[in-house]
Amino acid sequence: MRIAVPREEVGENRVALTPPVVRRLIDSGHSVVVEPGLGRGAGFPDADYAEAGAEIGPDPWEGAELVLVVGPPTPERASRVPVDAALVGLLDPFASEDLIRILIERRITAFAMEAIPRTTLAQGMDALSSQASAAGYQAVLLAAAESPRIFPMMITAAGTIPPVKVLVLGAGVAGLQAIATARRLGAVVSAYDIRPQVREQIESLGARFIAAPVDESVAAASGYAKEVSDNTQRRQQAALADAVADSDVVITTAQIPGRPAPLLISREMVERMNPGSVIVDMASRTGGNCELTRRDEVVDHRGVRVMGPTDLAGRVAMDASQMYARNLAAFIGRITDGNAELACDFDDEIVFGACITHDGEITHPVTRRSMGATPDDGAGAGGTTDQRTPEPDATETEERS
């Protein structure tokens, strides 16, 4: 099978395939063509791809049977995917109506890596979790760089500096990585998740579990979190208000596939925080967990900096790309046969669960709902857990806990 890897949009440094994974796919019988300069932002020069056996071609789309991407292509670039070919990537299908229409028109079989069912069998393909790990790590480093405080306790000749207090909201993959990273930097860490079963994971990392509303039923059968009621959200905010006010840094990670991110931090809660405090909202792509969040902007509200980055995983592009390429390779093995030809078994729950469009139709129920094709059938997911964003911490952002 001819696999094409075009360059990503400006601002995305990650790549879909790294040279070692290219060699692995070629050894399996595939041919791979990459666009010149593909890996420049992630530290992978063209020479490394060529040495791995890839063809370096200015028009990788031509003749491609499978196109691999990181983020969703623009409608113009999607129109370059050959008719009846396959497309795999983090496609953000719940918010990309124009892209979905082109995929339908061109009868492209599209698979969204963020829609892969969250099962043990699919763990090696779970790109959302791998990218969320990178994003959760980077979120803490960003907060540390923006904070006017030193994270660890320091005993100096000028006196003792107390450690920073970090609060992490959401303990999926991104949240747990954020907890671990903040602890490594010496912060005193607290965390909250609406799922009571993750309390042990939070405490095993040395963080304190915040007493706030919990709900055993918020995880859907697919492994994604389900949406909670408005009343539960209000109870969450009331219970978390004091913890937020007492924190120097807050990292939020809660996202819902196909829905706006749940609101966990109100304007009034931000106004109770001390000047110099920092909020890093990893759910900014889908509206944010903080009322003041603006996507890819920094909002200074009464001395509190509210940050809404969407490129956290891309800031550690080399390692994030290595993890993502391995996820893709595992998934490619799922949709190809022993002759290295595309062979999609839609009786396979992983293949069917990730498929967004096929044979000119939308196959994914949440995407159908977001496009207005079906009534709300409850297929969505989300609570105080990480991006499966999908809502993706990409990221990113939101994940398997």
# chains A, B, ... in the order shown; residues from 1 in each chain; ligands from 1
$ select_by_dssp --residues "range 90-200 of chain A" --states "helix (DSSP H, G or I)" --output "JSON, numbers by chain"
{"A": [93, 94, 95, 97, 98, 99, 100, 101, 102, 103, 104, 105, 113, 114, 115, 123, 124, 125, 127, 128, 129, 130, 131, 132, 133, 134, 135, 136, 137, 138, 139, 140, 141, 142, 143, 144, 145, 146, 173, 174, 175, 176, 177, 178, 179, 180, 181, 182, 183, 184, 196, 197, 198, 199, 200]}
$ closest_atom_pairs --of "range 43-137 of chain A" --to "range 281-296 of chain A" --cutoff "12 Å" --atoms "only C-alpha atoms" --output "Markdown table"
| residue | atom | partner | partner_atom | distance |
| --- | --- | --- | --- | --- |
| A:Asp92 | CA | A:Arg285 | CA | 10.3 |
| A:Phe94 | CA | A:Thr286 | CA | 10.3 |
| A:Ala95 | CA | A:Thr286 | CA | 9.1 |
| A:Ala132 | CA | A:Met282 | CA | 9.6 |
| A:Ser133 | CA | A:Met282 | CA | 12.0 |
| A:Ala134 | CA | A:Met282 | CA | 11.9 |
| A:Ala135 | CA | A:Met282 | CA | 8.1 |
| A:Gly136 | CA | A:Met282 | CA | 8.2 |
| A:Tyr137 | CA | A:Met282 | CA | 11.3 |
$ write_last_selection --atoms "C-alpha atoms" --output "PDB file, in the first residue's frame"
ATOM      1  CA  ASP A  92     -11.446  16.564  15.282  1.00  0.00           C
ATOM      2  CA  PHE A  94     -17.054  16.631  15.969  1.00  0.00           C
ATOM      3  CA  ALA A  95     -16.167  20.194  14.983  1.00  0.00           C
ATOM      4  CA  ALA A 132      -2.197  13.869  26.484  1.00  0.00           C
ATOM      5  CA  SER A 133       0.847  12.600  28.380  1.00  0.00           C
ATOM      6  CA  ALA A 134       3.055  15.010  26.471  1.00  0.00           C
ATOM      7  CA  ALA A 135       0.558  17.848  26.901  1.00  0.00           C
ATOM      8  CA  GLY A 136       0.113  17.281  30.644  1.00  0.00           C
ATOM      9  CA  TYR A 137       3.863  17.412  31.137  1.00  0.00           C
TER      10      TYR A 137
END
$ select_by_dssp --residues "range 50-196 of chain A" --states "strand (DSSP E)" --output "short mmCIF file (atom, residue, chain, number, x, y, z; two decimals) with N, CA and C atoms, in the first residue's frame"
data_model
loop_
_atom_site.label_atom_id
_atom_site.label_comp_id
_atom_site.auth_asym_id
_atom_site.auth_seq_id
_atom_site.Cartn_x
_atom_site.Cartn_y
_atom_site.Cartn_z
N GLU A 55 10.35 7.67 0.10
CA GLU A 55 10.51 8.55 -1.05
C GLU A 55 10.21 9.97 -0.60
N ILE A 56 11.04 10.93 -1.00
CA ILE A 56 10.79 12.33 -0.68
C ILE A 56 10.15 12.95 -1.92
N LEU A 66 -3.35 5.54 1.35
CA LEU A 66 -3.55 5.90 2.75
C LEU A 66 -2.77 7.17 3.03
N VAL A 67 -3.46 8.18 3.57
CA VAL A 67 -2.82 9.45 3.94
C VAL A 67 -2.82 9.57 5.45
N LEU A 68 -1.66 9.86 6.02
CA LEU A 68 -1.52 9.99 7.47
C LEU A 68 -1.25 11.44 7.85
N ALA A 86 -7.92 6.21 1.96
CA ALA A 86 -8.17 6.26 3.40
C ALA A 86 -7.35 7.40 4.01
N LEU A 87 -7.89 7.98 5.07
CA LEU A 87 -7.24 9.07 5.80
C LEU A 87 -7.26 8.73 7.28
N VAL A 88 -6.12 8.87 7.94
CA VAL A 88 -6.05 8.59 9.37
C VAL A 88 -5.33 9.74 10.07
N GLY A 89 -5.89 10.20 11.18
CA GLY A 89 -5.27 11.26 11.96
C GLY A 89 -6.16 11.69 13.11
N THR A 109 -12.47 6.88 3.21
CA THR A 109 -12.62 6.16 4.46
C THR A 109 -11.72 6.84 5.49
N ALA A 110 -12.34 7.55 6.42
CA ALA A 110 -11.57 8.36 7.37
C ALA A 110 -11.65 7.77 8.77
N PHE A 111 -10.50 7.69 9.41
CA PHE A 111 -10.42 7.19 10.78
C PHE A 111 -9.85 8.29 11.67
N ALA A 112 -10.57 8.59 12.75
CA ALA A 112 -10.12 9.58 13.73
C ALA A 112 -9.45 8.84 14.89
N MET A 154 12.60 26.14 49.06
CA MET A 154 14.03 26.43 49.10
C MET A 154 14.38 27.03 50.45
N ILE A 155 15.45 26.51 51.02
CA ILE A 155 15.97 27.05 52.27
C ILE A 155 17.24 27.82 51.92
N THR A 156 17.19 29.12 52.08
CA THR A 156 18.31 29.98 51.67
C THR A 156 18.76 30.84 52.84
N GLY A 159 16.22 33.17 53.97
CA GLY A 159 14.99 32.64 54.54
C GLY A 159 14.45 31.48 53.71
N THR A 160 13.39 30.89 54.18
CA THR A 160 12.78 29.74 53.52
C THR A 160 11.68 30.19 52.55
N ILE A 161 11.71 29.66 51.34
CA ILE A 161 10.68 29.91 50.34
C ILE A 161 9.74 28.70 50.32
N LYS A 165 1.70 25.83 45.42
CA LYS A 165 0.53 24.96 45.54
C LYS A 165 -0.11 24.81 44.16
N VAL A 166 -0.16 23.57 43.68
CA VAL A 166 -0.71 23.28 42.35
C VAL A 166 -2.00 22.47 42.52
N LEU A 167 -3.03 22.86 41.79
CA LEU A 167 -4.30 22.13 41.76
C LEU A 167 -4.53 21.63 40.34
N VAL A 168 -4.78 20.32 40.19
CA VAL A 168 -5.06 19.72 38.89
C VAL A 168 -6.51 19.25 38.88
N LEU A 169 -7.28 19.74 37.92
CA LEU A 169 -8.69 19.36 37.80
C LEU A 169 -8.84 18.39 36.64
N VAL A 188 3.54 21.33 46.02
CA VAL A 188 2.53 20.65 46.82
C VAL A 188 1.28 20.56 45.94
N VAL A 189 0.82 19.35 45.66
CA VAL A 189 -0.20 19.14 44.63
C VAL A 189 -1.50 18.58 45.22
N SER A 190 -2.61 19.16 44.77
CA SER A 190 -3.94 18.64 45.05
C SER A 190 -4.61 18.36 43.72
N ALA A 191 -5.59 17.47 43.72
CA ALA A 191 -6.25 17.13 42.46
C ALA A 191 -7.69 16.70 42.71
N TYR A 192 -8.49 16.81 41.65
CA TYR A 192 -9.90 16.42 41.73
C TYR A 192 -10.32 15.76 40.43
#
$ residues_around --residues "Glu146 in chain A" --least-positions-apart "4" --cutoff "12 Å" --atoms "only C-alpha atoms" --output "compact mmCIF listing (two decimals) with C-alpha atoms, in the first residue's frame"
# COMPACT_ATOMS: atom_id res chain seq x y z
CA ALA A 139 1.28 22.29 30.79
CA VAL A 140 3.16 22.23 34.09
CA LEU A 141 6.38 23.51 32.51
CA LEU A 142 4.41 26.34 30.93
CA ILE A 150 9.67 29.07 42.53
CA PHE A 151 8.06 25.61 42.50
CA ASP A 248 -0.83 29.32 42.97
CA VAL A 249 -1.25 27.23 39.80
CA GLY A 276 0.47 36.20 40.21
CA SER A 277 -1.50 32.96 40.10
CA VAL A 278 -1.61 31.02 36.82
CA ILE A 279 -4.32 28.90 35.21
CA VAL A 280 -3.40 26.63 32.27
CA VAL A 298 -3.29 34.75 27.66
CA ASP A 300 -4.68 38.76 32.56
CA VAL A 304 -4.23 36.18 37.40
CA ARG A 305 -2.95 34.83 34.08
CA VAL A 306 -5.42 32.50 32.34
CA MET A 307 -3.74 30.60 29.50
$ residues_around --residues "range 45-54 of chain A" --least-positions-apart "3" --cutoff "8 Å" --atoms "only C-alpha atoms" --output "number ranges by chain"
A: 18-20, 22-23, 26, 31-34, 36-40
$ closest_residue --among "A:Leu312, A:Ile102, A:Leu91, A:Ala42" --to "Ser79 in chain A" --atoms "only C-alpha atoms"
A:Ile102
$ closest_residue --among "A:Ala239, A:Ala4, A:Ile256, A:Leu128" --to "Val173 in chain A" --atoms "only C-alpha atoms"
A:Leu128
$ atom_distance --atom1 "CA of Met125 in chain A" --atom2 "CA of Ile335 in chain A"
11.9 Å
$ residues_around --residues "Cys344 in chain A" --least-positions-apart "3" --cutoff "12 Å" --atoms "only C-alpha atoms" --output "tab-separated table (two decimals) with N, CA and C atoms, in the first residue's frame"
chain	number	residue	atom	x	y	z
A	86	ALA	N	-7.92	6.21	1.96
A	86	ALA	CA	-8.17	6.26	3.40
A	86	ALA	C	-7.35	7.40	4.01
A	109	THR	N	-12.47	6.88	3.21
A	109	THR	CA	-12.62	6.16	4.46
A	109	THR	C	-11.72	6.84	5.49
A	110	ALA	N	-12.34	7.55	6.42
A	110	ALA	CA	-11.57	8.36	7.37
A	110	ALA	C	-11.65	7.77	8.77
A	111	PHE	N	-10.50	7.69	9.41
A	111	PHE	CA	-10.42	7.19	10.78
A	111	PHE	C	-9.85	8.29	11.67
A	331	PHE	N	-2.26	0.96	14.49
A	331	PHE	CA	-3.58	1.02	13.86
A	331	PHE	C	-3.52	0.56	12.40
A	332	ILE	N	-2.46	0.92	11.70
A	332	ILE	CA	-2.31	0.48	10.31
A	332	ILE	C	-2.30	-1.05	10.25
A	333	GLY	N	-1.65	-1.67	11.21
A	333	GLY	CA	-1.66	-3.13	11.27
A	333	GLY	C	-3.06	-3.69	11.43
A	334	ARG	N	-3.93	-2.88	12.02
A	334	ARG	CA	-5.32	-3.32	12.26
A	334	ARG	C	-6.17	-3.21	10.99
A	335	ILE	N	-5.81	-2.31	10.09
A	335	ILE	CA	-6.65	-2.08	8.91
A	335	ILE	C	-6.01	-2.58	7.62
A	336	THR	N	-4.97	-3.39	7.74
A	336	THR	CA	-4.33	-3.97	6.55
A	336	THR	C	-4.23	-5.48	6.71
A	337	ASP	N	-4.08	-6.16	5.58
A	337	ASP	CA	-3.98	-7.61	5.61
A	337	ASP	C	-2.53	-8.06	5.49
A	340	ALA	N	-0.15	-6.40	2.99
A	340	ALA	CA	0.05	-4.96	3.14
A	340	ALA	C	-0.94	-4.16	2.30
A	341	GLU	N	-2.15	-4.68	2.16
A	341	GLU	CA	-3.22	-3.98	1.45
A	341	GLU	C	-4.30	-3.55	2.44
A	347	ASP	N	-16.42	-5.30	11.39
A	347	ASP	CA	-16.92	-6.07	12.53
A	347	ASP	C	-15.97	-5.97	13.72
A	348	ASP	N	-14.78	-5.42	13.47
A	348	ASP	CA	-13.79	-5.17	14.52
A	348	ASP	C	-14.20	-3.89	15.25
A	349	GLU	N	-14.42	-3.96	16.56
A	349	GLU	CA	-14.92	-2.81	17.30
A	349	GLU	C	-13.95	-1.63	17.28
A	350	ILE	N	-12.65	-1.90	17.16
A	350	ILE	CA	-11.68	-0.82	17.11
A	350	ILE	C	-11.77	-0.10	15.77
A	351	VAL	N	-11.80	-0.86	14.69
A	351	VAL	CA	-11.88	-0.29	13.35
A	351	VAL	C	-13.19	0.47	13.18
A	352	PHE	N	-14.29	-0.15	13.55
A	352	PHE	CA	-15.59	0.51	13.39
A	352	PHE	C	-15.70	1.73	14.31
A	353	GLY	N	-15.19	1.62	15.55
A	353	GLY	CA	-15.29	2.73	16.48
A	353	GLY	C	-14.53	3.96	16.03
A	354	ALA	N	-13.41	3.76	15.32
A	354	ALA	CA	-12.59	4.89	14.87
A	354	ALA	C	-13.04	5.45	13.54
A	355	CYS	N	-13.85	4.71	12.80
A	355	CYS	CA	-14.25	5.14	11.45
A	355	CYS	C	-15.26	6.27	11.53
A	358	HIS	N	-17.25	6.46	5.51
A	358	HIS	CA	-16.91	5.32	4.65
A	358	HIS	C	-17.97	5.21	3.55
$ closest_residue --among "A:Pro257, A:Pro152, A:Gly11, A:Gly175" --to "Val70 in chain A" --atoms "only C-alpha atoms"
A:Gly11
